[in-house]
$ cat query-v6.cif   # mmCIF, C-alpha atoms
data_work
loop_
_atom_site.label_atom_id
_atom_site.label_comp_id
_atom_site.auth_asym_id
_atom_site.auth_seq_id
_atom_site.Cartn_x
_atom_site.Cartn_y
_atom_site.Cartn_z
CA MET A 1 -21.47 -20.07 8.91
CA LYS A 2 -18.26 -18.17 8.35
CA ARG A 3 -18.09 -14.96 10.29
CA SER A 4 -16.84 -11.76 8.75
CA THR A 5 -13.21 -11.25 9.55
CA LEU A 6 -11.20 -8.07 9.64
CA ILE A 7 -7.42 -8.05 9.96
CA PRO A 8 -6.05 -6.19 12.98
CA THR A 9 -4.51 -2.81 12.16
CA GLY A 10 -0.73 -2.69 11.99
CA GLU A 11 1.09 -1.39 15.02
CA ALA A 12 3.56 1.50 14.87
CA THR A 13 5.99 3.06 17.26
CA ILE A 14 4.67 5.57 19.77
CA GLY A 15 7.56 7.75 18.57
CA PRO A 16 9.45 10.46 20.48
CA PHE A 17 6.54 12.91 20.75
CA PHE A 18 3.92 11.22 22.97
CA PRO A 19 2.32 14.23 24.71
CA PRO A 20 3.57 14.64 28.28
CA ARG A 21 0.04 15.57 29.34
CA TYR A 22 -1.03 12.00 28.56
CA VAL A 23 0.94 10.86 31.58
CA ASP A 24 -1.64 12.40 33.90
CA ALA A 25 -0.68 13.35 37.42
CA GLY A 26 -1.62 10.40 39.63
CA ALA A 27 -1.89 7.94 36.72
CA ASN A 28 0.86 5.87 38.38
CA ASP A 29 -1.04 5.63 41.69
CA LEU A 30 -3.55 2.79 41.44
CA THR A 31 -4.46 2.96 45.14
CA LEU A 32 -6.68 6.00 44.63
CA LEU A 33 -9.61 6.22 42.24
CA GLU A 34 -11.70 9.39 42.15
CA GLY A 35 -10.54 10.16 45.68
CA ARG A 36 -11.45 6.76 47.16
CA ARG A 37 -8.90 4.29 48.46
CA ALA A 38 -8.64 0.73 47.14
CA LYS A 39 -8.77 -2.21 49.55
CA GLY A 40 -5.60 -4.11 50.30
CA GLU A 41 -1.95 -3.65 51.07
CA THR A 42 -0.29 -0.68 49.38
CA ILE A 43 2.98 -1.54 47.68
CA GLU A 44 5.40 0.37 45.47
CA ILE A 45 7.09 -1.03 42.39
CA HIS A 46 9.99 0.77 40.79
CA GLY A 47 12.72 -0.02 38.32
CA ARG A 48 14.84 1.21 35.48
CA VAL A 49 14.37 0.64 31.78
CA LEU A 50 17.61 0.21 29.81
CA GLN A 51 18.55 -0.40 26.19
CA GLU A 52 21.30 -2.73 24.94
CA ASP A 53 24.29 -0.53 25.85
CA GLY A 54 22.90 0.12 29.34
CA THR A 55 21.70 3.64 28.55
CA PRO A 56 18.65 4.52 30.65
CA LEU A 57 15.65 5.52 28.56
CA GLU A 58 13.78 8.71 29.44
CA ASN A 59 10.11 9.37 28.71
CA LEU A 60 9.42 5.74 27.98
CA VAL A 61 5.79 4.83 28.67
CA VAL A 62 5.06 1.94 31.04
CA GLU A 63 1.53 0.64 31.65
CA ILE A 64 0.35 -2.03 34.06
CA TRP A 65 -2.79 -4.13 34.43
CA GLN A 66 -3.52 -6.31 37.44
CA ALA A 67 -6.14 -7.96 39.63
CA ASP A 68 -7.36 -6.41 42.88
CA ALA A 69 -6.43 -7.53 46.39
CA LEU A 70 -8.72 -10.57 46.08
CA GLY A 71 -7.34 -11.59 42.69
CA ILE A 72 -10.38 -10.31 40.77
CA PHE A 73 -10.09 -8.44 37.47
CA ARG A 74 -12.47 -5.53 37.09
CA HIS A 75 -13.69 -6.73 33.71
CA PRO A 76 -16.87 -8.54 32.63
CA ALA A 77 -14.93 -11.63 31.49
CA ASP A 78 -13.96 -12.35 35.12
CA PRO A 79 -16.73 -14.55 36.60
CA ARG A 80 -16.16 -12.77 39.92
CA CYS A 81 -16.33 -9.27 38.41
CA ALA A 82 -19.36 -8.33 40.51
CA GLN A 83 -17.20 -8.72 43.63
CA ALA A 84 -14.32 -6.60 42.24
CA ASP A 85 -13.21 -3.66 44.39
CA PRO A 86 -15.18 -0.67 43.00
CA ASP A 87 -12.35 1.63 44.04
CA PHE A 88 -9.66 -0.21 42.11
CA LEU A 89 -9.34 0.09 38.35
CA GLY A 90 -6.28 -2.14 37.95
CA TRP A 91 -4.62 0.04 35.29
CA GLY A 92 -1.91 2.65 35.58
CA ARG A 93 0.61 4.53 33.46
CA ALA A 94 4.03 5.98 34.27
CA ALA A 95 6.81 7.61 32.26
CA THR A 96 10.49 7.06 33.02
CA ASP A 97 12.60 9.96 34.27
CA ALA A 98 16.07 11.01 33.11
CA ASN A 99 17.50 8.10 35.12
CA GLY A 100 15.27 5.66 33.22
CA SER A 101 13.25 5.02 36.40
CA TYR A 102 9.53 4.49 36.76
CA LEU A 103 7.39 4.13 39.88
CA PHE A 104 3.94 2.71 40.55
CA ARG A 105 2.03 2.77 43.81
CA THR A 106 -0.55 0.01 43.81
CA ILE A 107 -2.25 -2.76 45.77
CA ARG A 108 -0.64 -6.13 46.21
CA PRO A 109 -2.64 -8.29 43.80
CA GLY A 110 -4.30 -11.46 45.01
CA ALA A 111 -3.91 -14.72 43.09
CA PRO A 112 -6.40 -15.02 40.23
CA GLU A 113 -7.75 -18.52 39.70
CA GLY A 114 -5.00 -20.74 38.29
CA ARG A 115 -2.36 -17.98 38.47
CA ALA A 116 0.25 -16.77 40.94
CA PRO A 117 0.01 -13.09 41.96
CA HIS A 118 1.44 -11.02 39.11
CA ILE A 119 1.31 -7.68 37.31
CA ASN A 120 1.15 -7.31 33.52
CA PHE A 121 3.51 -4.71 32.02
CA MET A 122 3.58 -2.95 28.66
CA VAL A 123 6.43 -0.84 27.35
CA MET A 124 6.04 1.72 24.54
CA PHE A 125 8.84 3.86 23.17
CA SER A 126 10.49 5.44 20.18
CA GLY A 127 12.31 2.67 18.32
CA LEU A 128 9.81 0.03 19.49
CA MET A 129 7.70 -0.70 16.44
CA ARG A 130 5.43 -2.84 18.61
CA ILE A 131 4.33 -2.76 22.22
CA LEU A 132 6.51 -5.05 24.35
CA LYS A 133 4.61 -7.10 26.92
CA THR A 134 5.95 -8.81 29.98
CA THR A 135 4.73 -9.97 33.41
CA MET A 136 6.17 -9.32 36.86
CA PHE A 137 5.97 -11.89 39.67
CA PHE A 138 6.56 -11.63 43.41
CA GLY A 139 8.41 -14.89 43.80
CA GLN A 140 9.12 -18.22 42.19
CA SER A 141 5.76 -19.93 41.90
CA ALA A 142 3.74 -22.38 39.89
CA ASP A 143 2.21 -20.25 37.16
CA PRO A 144 1.44 -21.05 33.50
CA VAL A 145 2.88 -17.78 32.20
CA LEU A 146 6.05 -17.93 34.29
CA GLY A 147 6.31 -21.61 33.41
CA ALA A 148 6.24 -20.79 29.69
CA VAL A 149 9.55 -18.94 30.10
CA PRO A 150 12.77 -20.99 29.84
CA LEU A 151 13.86 -21.90 33.37
CA SER A 152 17.16 -20.03 33.09
CA ARG A 153 15.32 -16.76 32.38
CA GLN A 154 12.42 -17.05 34.85
CA GLU A 155 14.23 -15.13 37.60
CA LEU A 156 14.30 -12.07 35.32
CA LEU A 157 10.53 -11.82 35.79
CA ILE A 158 10.68 -11.99 39.58
CA SER A 159 10.81 -8.63 41.33
CA LYS A 160 13.26 -8.09 44.19
CA GLN A 161 11.79 -7.06 47.52
CA GLU A 162 13.99 -4.16 48.73
CA LYS A 163 12.06 -3.60 51.95
CA PRO A 164 8.55 -4.41 53.13
CA GLY A 165 6.15 -3.08 50.49
CA LEU A 166 8.88 -1.95 48.07
CA TYR A 167 9.71 -4.03 44.98
CA ARG A 168 12.22 -3.49 42.20
CA PHE A 169 11.59 -4.68 38.67
CA ASP A 170 14.14 -3.58 36.06
CA ILE A 171 13.34 -3.95 32.37
CA ARG A 172 16.23 -4.54 29.98
CA LEU A 173 14.97 -4.27 26.42
CA ARG A 174 17.93 -6.09 24.87
CA GLY A 175 21.30 -7.58 25.77
CA GLU A 176 22.66 -9.03 29.00
CA ASN A 177 19.88 -10.11 31.38
CA GLU A 178 17.32 -9.21 28.74
CA THR A 179 13.80 -9.24 30.15
CA PRO A 180 11.66 -12.02 28.68
CA PHE A 181 8.87 -10.56 26.54
CA PHE A 182 5.84 -12.43 25.32
CA ASP A 183 4.75 -13.20 21.77
CA ASP A 184 1.02 -12.55 21.96
CA MET B 185 -18.58 -11.81 27.14
CA LYS B 186 -15.36 -13.63 26.44
CA THR B 187 -12.83 -12.38 23.91
CA VAL B 188 -10.63 -14.66 21.86
CA ILE B 189 -7.23 -13.43 20.70
CA GLU B 190 -5.62 -15.28 17.83
CA PRO B 191 -2.08 -14.89 16.48
CA ARG B 192 -1.72 -12.17 13.89
CA ASP B 193 -0.33 -12.62 10.38
CA GLU B 194 3.22 -11.33 10.81
CA ARG B 195 3.17 -9.80 7.33
CA THR B 196 0.45 -7.38 8.45
CA GLN B 197 2.57 -6.09 11.36
CA PRO B 198 5.78 -4.05 11.26
CA ALA B 199 9.25 -5.54 11.48
CA ARG B 200 10.79 -4.83 14.87
CA ILE B 201 14.20 -3.89 13.53
CA VAL B 202 13.95 -1.40 10.70
CA PRO B 203 16.87 -0.53 8.39
CA GLY B 204 17.56 3.20 8.63
CA TYR B 205 15.71 3.62 11.95
CA PRO B 206 18.79 3.74 14.18
CA GLN B 207 17.14 3.18 17.60
CA THR B 208 15.48 -0.09 16.63
CA PRO B 209 18.55 -2.40 16.91
CA TRP B 210 19.26 -1.16 20.46
CA ARG B 211 15.81 -1.52 21.89
CA ASN B 212 14.21 -4.65 20.52
CA PRO B 213 14.71 -8.02 22.17
CA ALA B 214 17.44 -10.27 20.81
CA GLN B 215 15.99 -13.34 22.53
CA PRO B 216 13.00 -15.06 20.95
CA LEU B 217 9.68 -13.82 22.30
CA VAL B 218 8.06 -16.31 24.65
CA LYS B 219 4.85 -17.97 23.51
CA ARG B 220 2.13 -18.32 26.14
CA GLY B 221 -1.48 -19.38 26.15
CA PRO B 222 -3.51 -16.33 27.16
CA THR B 223 -5.15 -16.56 30.58
CA LEU B 224 -7.91 -14.46 32.11
CA SER B 225 -5.27 -11.88 33.03
CA GLU B 226 -4.46 -11.05 29.41
CA LEU B 227 -8.04 -11.59 28.23
CA THR B 228 -9.35 -8.91 30.56
CA GLY B 229 -8.22 -5.30 30.62
CA PRO B 230 -9.02 -1.83 31.87
CA VAL B 231 -12.64 -0.97 31.13
CA ALA B 232 -12.84 2.45 32.74
CA VAL B 233 -9.61 4.19 31.74
CA ALA B 234 -11.56 7.43 31.43
CA LYS B 235 -11.89 7.43 35.24
CA ARG B 236 -8.12 7.62 35.57
CA VAL B 237 -7.26 10.07 32.75
CA ARG B 238 -8.66 13.42 31.66
CA LEU B 239 -10.49 13.62 28.33
CA LEU B 240 -9.53 16.40 25.91
CA GLY B 241 -12.03 17.61 23.33
CA GLY B 242 -12.36 16.48 19.74
CA ASP B 243 -11.98 19.94 18.18
CA ILE B 244 -8.33 20.86 18.33
CA ALA B 245 -8.17 23.25 15.36
CA GLY B 246 -9.53 26.23 17.30
CA HIS B 247 -11.84 28.96 16.01
CA GLY B 248 -11.76 32.59 14.92
CA ALA B 249 -8.65 34.47 15.99
CA ARG B 250 -7.48 31.31 17.81
CA GLN B 251 -7.70 29.02 14.79
CA ALA B 252 -4.59 26.96 14.06
CA ILE B 253 -2.73 27.59 10.81
CA GLY B 254 -3.12 24.85 8.24
CA GLN B 255 -5.64 22.96 6.14
CA LEU B 256 -8.73 22.26 8.23
CA ILE B 257 -9.63 18.58 8.21
CA HIS B 258 -12.33 16.48 9.76
CA LEU B 259 -11.45 12.89 10.68
CA ARG B 260 -14.14 10.22 10.99
CA VAL B 261 -12.64 7.10 12.47
CA ARG B 262 -14.42 3.82 13.11
CA VAL B 263 -13.03 1.34 15.63
CA LEU B 264 -14.02 -2.30 15.08
CA ASP B 265 -12.95 -5.71 16.32
CA GLU B 266 -12.03 -8.69 14.13
CA ASP B 267 -15.71 -9.66 13.91
CA ALA B 268 -16.37 -6.19 12.41
CA ALA B 269 -18.33 -5.36 15.57
CA PRO B 270 -18.02 -1.74 16.72
CA VAL B 271 -15.87 -1.18 19.79
CA GLY B 272 -17.82 1.40 21.77
CA GLY B 273 -16.62 3.13 24.92
CA ALA B 274 -12.94 2.78 23.96
CA VAL B 275 -10.55 5.50 25.05
CA VAL B 276 -8.58 6.90 22.09
CA GLU B 277 -5.56 9.16 22.41
CA MET B 278 -4.35 11.02 19.31
CA TRP B 279 -1.44 13.35 18.73
CA GLN B 280 0.08 14.98 15.68
CA ALA B 281 2.43 17.67 14.40
CA ASN B 282 1.11 21.10 13.49
CA GLY B 283 0.64 22.32 9.92
CA ALA B 284 4.37 23.05 9.65
CA GLY B 285 5.45 19.62 10.93
CA ARG B 286 6.29 20.65 14.51
CA TYR B 287 5.24 18.90 17.72
CA ILE B 288 4.74 20.66 21.03
CA HIS B 289 7.20 18.42 22.83
CA PRO B 290 10.63 18.94 24.43
CA ASN B 291 12.05 16.29 22.07
CA ASP B 292 11.20 18.31 18.96
CA ASP B 293 13.89 20.68 17.74
CA ASP B 294 13.19 24.07 16.19
CA HIS B 295 13.19 23.06 12.53
CA ALA B 296 9.69 24.50 12.08
CA PRO B 297 7.63 27.10 13.96
CA ALA B 298 5.27 26.25 16.79
CA ASP B 299 1.70 27.49 16.38
CA PRO B 300 0.41 29.21 19.54
CA ASN B 301 -3.10 28.00 18.69
CA PHE B 302 -2.23 24.34 18.24
CA TYR B 303 -1.17 21.75 20.80
CA GLY B 304 -2.09 18.73 18.68
CA ALA B 305 -3.61 16.21 21.07
CA ALA B 306 -7.10 14.89 21.77
CA ARG B 307 -8.36 12.15 24.07
CA LEU B 308 -11.81 10.83 23.25
CA VAL B 309 -14.15 7.92 23.84
CA THR B 310 -15.73 6.04 20.92
CA GLY B 311 -19.51 6.03 20.65
CA GLU B 312 -21.58 2.85 20.77
CA ASN B 313 -21.13 2.67 16.98
CA GLY B 314 -17.35 2.61 17.43
CA MET B 315 -16.97 6.09 15.89
CA PHE B 316 -15.03 9.10 16.95
CA GLU B 317 -14.69 12.38 15.09
CA LEU B 318 -12.07 15.03 15.22
CA ARG B 319 -11.67 18.53 13.78
CA THR B 320 -8.02 19.41 13.34
CA VAL B 321 -5.52 20.68 10.77
CA LYS B 322 -3.58 18.45 8.45
CA PRO B 323 -0.18 17.69 9.98
CA GLY B 324 2.91 18.75 8.05
CA ALA B 325 5.75 16.47 7.00
CA TYR B 326 9.04 16.80 8.84
CA PRO B 327 12.63 15.58 8.55
CA VAL B 328 13.86 12.90 10.96
CA PRO B 329 17.26 13.83 12.41
CA THR B 330 18.99 10.78 10.90
CA GLY B 331 20.71 13.12 8.43
CA ASP B 332 20.12 10.83 5.44
CA GLY B 333 17.00 12.29 3.90
CA TRP B 334 14.29 10.48 5.83
CA TRP B 335 11.19 12.62 6.14
CA ARG B 336 8.07 11.47 7.93
CA PRO B 337 4.99 11.92 5.73
CA PRO B 338 1.97 13.65 7.27
CA HIS B 339 0.55 11.25 9.86
CA VAL B 340 -1.59 11.09 12.98
CA HIS B 341 -0.71 8.92 15.99
CA PHE B 342 -3.39 6.89 17.76
CA SER B 343 -3.29 4.95 21.03
CA LEU B 344 -6.37 2.84 21.76
CA PHE B 345 -7.66 0.77 24.66
CA GLY B 346 -9.74 -2.14 23.43
CA LYS B 347 -11.81 -4.66 25.32
CA VAL B 348 -8.87 -6.61 26.73
CA TRP B 349 -5.18 -6.14 27.52
CA LEU B 350 -4.05 -7.83 24.30
CA SER B 351 -6.25 -5.47 22.23
CA ARG B 352 -4.18 -2.43 23.23
CA LEU B 353 -2.97 -0.72 20.07
CA VAL B 354 -0.57 2.08 19.17
CA THR B 355 -0.64 2.93 15.47
CA GLN B 356 -0.25 5.73 12.95
CA MET B 357 -2.63 6.92 10.22
CA TYR B 358 -1.38 8.32 6.92
CA PHE B 359 -2.94 10.51 4.23
CA PRO B 360 -3.67 9.35 0.66
CA GLY B 361 -1.60 10.55 -2.27
CA GLU B 362 1.39 11.72 -0.26
CA PRO B 363 4.64 11.11 -2.16
CA LEU B 364 6.56 10.61 1.10
CA ASN B 365 4.41 7.57 1.97
CA ALA B 366 6.37 5.42 -0.50
CA GLN B 367 9.69 6.10 1.29
CA ASP B 368 8.64 6.22 4.91
CA ARG B 369 10.59 3.69 6.97
CA ILE B 370 7.87 3.25 9.56
CA LEU B 371 4.94 2.77 7.16
CA ASN B 372 7.01 0.47 4.95
CA ALA B 373 8.14 -1.67 7.88
CA VAL B 374 4.81 -3.47 7.35
CA PRO B 375 5.62 -6.09 4.67
CA ASP B 376 2.13 -6.63 3.27
CA ALA B 377 1.02 -3.96 0.75
CA ALA B 378 -2.67 -4.36 1.58
CA ALA B 379 -1.93 -3.97 5.30
CA ARG B 380 0.00 -0.76 4.55
CA GLU B 381 -2.90 0.50 2.45
CA ARG B 382 -5.21 0.02 5.45
CA LEU B 383 -3.06 2.48 7.41
CA VAL B 384 -3.94 5.20 4.89
CA ALA B 385 -7.11 7.21 5.44
CA ARG B 386 -9.74 7.56 2.69
CA TYR B 387 -10.35 11.00 1.24
CA LEU B 388 -13.99 11.97 0.74
CA PRO B 389 -14.67 14.41 -2.12
CA PRO B 390 -15.90 17.79 -0.81
CA THR B 391 -19.68 18.14 -0.78
CA GLY B 392 -20.02 21.82 0.02
CA ASP B 393 -19.60 21.21 3.73
CA PRO B 394 -20.27 24.61 5.37
CA HIS B 395 -17.43 24.00 7.85
CA ASN B 396 -14.85 24.13 5.05
CA ALA B 397 -12.97 21.12 6.29
CA LEU B 398 -11.73 18.30 4.08
CA VAL B 399 -13.14 15.02 5.33
CA PHE B 400 -11.08 11.83 5.77
CA GLU B 401 -12.46 8.47 6.85
CA HIS B 402 -10.42 5.80 8.53
CA GLN B 403 -10.96 2.38 10.08
CA ILE B 404 -8.99 0.86 12.94
CA VAL B 405 -9.35 -2.85 13.76
CA LEU B 406 -8.48 -3.92 17.30
CA ARG B 407 -7.47 -7.49 18.07
CA GLY B 408 -10.08 -9.86 19.38
CA ARG B 409 -13.32 -11.52 18.47
CA THR B 410 -16.23 -12.66 20.56
CA ALA B 411 -15.93 -16.27 21.65
CA THR B 412 -18.33 -18.68 20.00
CA PRO B 413 -20.34 -20.87 22.41
CA GLU B 414 -17.86 -23.76 22.03
CA GLN B 415 -14.95 -21.44 22.91
CA SER B 416 -16.52 -19.86 25.98
#

$ encode --input "query-v6.cif" --output "structure tokens"
Amino acid sequence: MKRSTLIPTGEATIGPFFPPRYVDAGANDLTLLEGRRAKGETIEIHGRVLQEDGTPLENLVVEIWQADALGIFRHPADPRCAQADPDFLGWGRAATDANGSYLFRTIRPGAPEGRAPHINFMVMFSGLMRILKTTMFFGQSADPVLGAVPLSRQELLISKQEKPGLYRFDIRLRGENETPFFDD
Amino acid sequence: MKTVIEPRDERTQPARIVPGYPQTPWRNPAQPLVKRGPTLSELTGPVAVAKRVRLLGGDIAGHGARQAIGQLIHLRVRVLDEDAAPVGGAVVEMWQANGAGRYIHPNDDDHAPADPNFYGAARLVTGENGMFELRTVKPGAYPVPTGDGWWRPPHVHFSLFGKVWLSRLVTQMYFPGEPLNAQDRILNAVPDAAARERLVARYLPPTGDPHNALVFEHQIVLRGRTATPEQS
């Protein structure tokens, strides 16, 4: 029997007027949820978001989604969901500052089954008619998503460790060293 | 419950580079987007966003001496998936200009007056039936500072969290019968006429509603359908 089918609504740009209050204080700190601390190693991820001419972009919205320290997603589709850290939501939001920089404090994700440790990123901004999606890795590794990227561009998805617990992941929307984005 | 995400018909989605929208050629990837088979990571997503963000009420028009200036409207929006199943418990963020076409945002210039009784943002959660309702004022149109006569028609922005990461949606809703709709560069970036029409709310004739608000209905479809037994 054919199921009823609706067509997904068209996307549109987030525009230049996304309310600043929607970037809630603490929304970029995934290590704390309702005052309780997530299990695992705290890490920080920062980077700059640039457009084609190298101009840093201010007030751009970045969101991340990731597994907990054991590699479990807090979502019913994960067969191990019942064991997910109750104090880790896995989602955060940040806005870039005048320098184009964002910062997240989070937990180092474990490896989900069949995947290398990674963090999913979304970028939303004025001039982006659709959400751009990419994925950050911690090192070169066997991974189906990293492996889908042409070899010459894979390193653009690998964050640089600047010191223990501090990673840098720059996002270049277009041009030289353009970040690979996914067609989902 | 597993969610399946299928490719969308490109004609129902906006072009990435839009003639007359000057930021688009600087910010959209020049390299081809990379195709990947979704894994559990993209087919899961945040299910308790409301624990991380603060909800803001669904009546943003104000009352009495604090009522915003403009035409009172009542929005009834239904959020469904591709199976036409309601998406309950979804966090929805909305924002809009005031009745004069002005946003409360540092990026907005002073082309139109701010309204001290209107901030223009609500953050809600859909009910089990996928519905959310909002009392607000109709947003005004405003000129885009491109200097070539582009005005945005009245519209409301929505940001929604669906069941999985790939269901995340940022969209805009338009009002029926607005002459500026036909020229808007963002609405018309969607090639398919029927897909554009689905971005326009439906006007319900007044029925003597004691709240004196004009009612508009709208439907938002998030990506994803429930896996059939052979897919799960």

$ resolve_selection --input "query-v6.cif" --expression "the PyMOL selection byres ((chain A) within 7 of (chain B))" --output "VMD selection string"
chain A and resid 3 to 14 16 to 17 19 24 27 33 51 to 52 65 73 75 to 77 89 to 91 127 to 130 145 148 to 149 173 to 175 180 to 184

$ residues_around --input "query-v6.cif" --residues "Ala252 in chain B" --least-positions-apart "4" --cutoff "7 Å" --atoms "all atoms listed in the file" --output "ChimeraX atom specification"
/B:245-246,299,301-302

$ resolve_selection --input "query-v6.cif" --expression "the PyMOL selection byres ((chain B and resi 365) around 12)" --output "PyMOL selection string"
chain B and resi 325+334-339+357-364+366-373+380-381+383-384

$ atom_distance --input "query-v6.cif" --atom1 "CA of Gly139 in chain A" --atom2 "CA of Ala98 in chain A"
29.0 Å

$ resolve_selection --input "query-v6.cif" --expression "the PyMOL selection byres ((chain A and resi 137) around 12)" --output "NGL selection string"
:A and (45 or 66 or 108-111 or 115-121 or 134-136 or 138-147 or 154-161 or 167-169)

$ write_last_selection --input "query-v6.cif" --atoms "C-alpha atoms" --output "PDB file, keeping the file's coordinate frame"
ATOM      1  CA  ILE A  45       7.090  -1.030  42.390  1.00  0.00           C
ATOM      2  CA  GLN A  66      -3.520  -6.310  37.440  1.00  0.00           C
ATOM      3  CA  ARG A 108      -0.640  -6.130  46.210  1.00  0.00           C
ATOM      4  CA  PRO A 109      -2.640  -8.290  43.800  1.00  0.00           C
ATOM      5  CA  GLY A 110      -4.300 -11.460  45.010  1.00  0.00           C
ATOM      6  CA  ALA A 111      -3.910 -14.720  43.090  1.00  0.00           C
ATOM      7  CA  ARG A 115      -2.360 -17.980  38.470  1.00  0.00           C
ATOM      8  CA  ALA A 116       0.250 -16.770  40.940  1.00  0.00           C
ATOM      9  CA  PRO A 117       0.010 -13.090  41.960  1.00  0.00           C
ATOM     10  CA  HIS A 118       1.440 -11.020  39.110  1.00  0.00           C
ATOM     11  CA  ILE A 119       1.310  -7.680  37.310  1.00  0.00           C
ATOM     12  CA  ASN A 120       1.150  -7.310  33.520  1.00  0.00           C
ATOM     13  CA  PHE A 121       3.510  -4.710  32.020  1.00  0.00           C
ATOM     14  CA  THR A 134       5.950  -8.810  29.980  1.00  0.00           C
ATOM     15  CA  THR A 135       4.730  -9.970  33.410  1.00  0.00           C
ATOM     16  CA  MET A 136       6.170  -9.320  36.860  1.00  0.00           C
ATOM     17  CA  PHE A 138       6.560 -11.630  43.410  1.00  0.00           C
ATOM     18  CA  GLY A 139       8.410 -14.890  43.800  1.00  0.00           C
ATOM     19  CA  GLN A 140       9.120 -18.220  42.190  1.00  0.00           C
ATOM     20  CA  SER A 141       5.760 -19.930  41.900  1.00  0.00           C
ATOM     21  CA  ALA A 142       3.740 -22.380  39.890  1.00  0.00           C
ATOM     22  CA  ASP A 143       2.210 -20.250  37.160  1.00  0.00           C
ATOM     23  CA  PRO A 144       1.440 -21.050  33.500  1.00  0.00           C
ATOM     24  CA  VAL A 145       2.880 -17.780  32.200  1.00  0.00           C
ATOM     25  CA  LEU A 146       6.050 -17.930  34.290  1.00  0.00           C
ATOM     26  CA  GLY A 147       6.310 -21.610  33.410  1.00  0.00           C
ATOM     27  CA  GLN A 154      12.420 -17.050  34.850  1.00  0.00           C
ATOM     28  CA  GLU A 155      14.230 -15.130  37.600  1.00  0.00           C
ATOM     29  CA  LEU A 156      14.300 -12.070  35.320  1.00  0.00           C
ATOM     30  CA  LEU A 157      10.530 -11.820  35.790  1.00  0.00           C
ATOM     31  CA  ILE A 158      10.680 -11.990  39.580  1.00  0.00           C
ATOM     32  CA  SER A 159      10.810  -8.630  41.330  1.00  0.00           C
ATOM     33  CA  LYS A 160      13.260  -8.090  44.190  1.00  0.00           C
ATOM     34  CA  GLN A 161      11.790  -7.060  47.520  1.00  0.00           C
ATOM     35  CA  TYR A 167       9.710  -4.030  44.980  1.00  0.00           C
ATOM     36  CA  ARG A 168      12.220  -3.490  42.200  1.00  0.00           C
ATOM     37  CA  PHE A 169      11.590  -4.680  38.670  1.00  0.00           C
TER      38      PHE A 169
END

$ atom_distance --input "query-v6.cif" --atom1 "CA of Gly273 in chain B" --atom2 "CA of Gly314 in chain B"
7.5 Å

$ atom_distance --input "query-v6.cif" --atom1 "CA of Gly242 in chain B" --atom2 "CA of Leu318 in chain B"
4.8 Å

$ closest_residue --input "query-v6.cif" --among "A:Pro164, A:Pro20, A:Gly54, A:Gly92" --to "Thr106 in chain A" --atoms "all atoms listed in the file"
A:Gly92

$ residues_near_point --input "query-v6.cif" --point "(-13.8, 8.9, 6.0)" --cutoff "7 Å" --atoms "all atoms listed in the file" --output "ChimeraX atom specification"
/B:259-261,385-388,399-402

$ residues_around --input "query-v6.cif" --residues "Gly254 in chain B" --least-positions-apart "2" --cutoff "8 Å" --atoms "all atoms listed in the file" --output "ChimeraX atom specification"
/B:252,256,282-284,321-323

$ closest_residue --input "query-v6.cif" --among "A:Val62, A:Asp85, A:Ser126, A:Arg105" --to "Leu30 in chain A" --atoms "only C-alpha atoms"
A:Arg105

$ decode --input "query-v6.cif" --residues "range 144-153 of chain A" --atoms "N, CA and C atoms" --output "short mmCIF file (atom, residue, chain, number, x, y, z; two decimals), in the first residue's frame"
data_model
loop_
_atom_site.label_atom_id
_atom_site.label_comp_id
_atom_site.auth_asym_id
_atom_site.auth_seq_id
_atom_site.Cartn_x
_atom_site.Cartn_y
_atom_site.Cartn_z
N PRO A 144 33.23 6.04 7.35
CA PRO A 144 32.51 6.11 6.08
C PRO A 144 32.20 7.53 5.62
N VAL A 145 32.02 8.45 6.56
CA VAL A 145 31.71 9.83 6.17
C VAL A 145 32.98 10.55 5.72
N LEU A 146 34.06 10.38 6.49
CA LEU A 146 35.34 10.97 6.07
C LEU A 146 35.78 10.35 4.74
N GLY A 147 35.55 9.04 4.61
CA GLY A 147 35.96 8.34 3.41
C GLY A 147 35.17 8.73 2.17
N ALA A 148 33.99 9.35 2.37
CA ALA A 148 33.20 9.80 1.22
C ALA A 148 33.78 11.07 0.61
N VAL A 149 34.67 11.74 1.35
CA VAL A 149 35.25 13.01 0.90
C VAL A 149 36.48 12.69 0.05
N PRO A 150 36.66 13.41 -1.07
CA PRO A 150 37.87 13.16 -1.87
C PRO A 150 39.12 13.26 -0.99
N LEU A 151 40.05 12.36 -1.22
CA LEU A 151 41.23 12.23 -0.36
C LEU A 151 41.95 13.57 -0.16
N SER A 152 42.06 14.34 -1.24
CA SER A 152 42.80 15.60 -1.15
C SER A 152 42.14 16.62 -0.24
N ARG A 153 40.86 16.42 0.08
CA ARG A 153 40.14 17.40 0.92
C ARG A 153 39.87 16.87 2.32
#
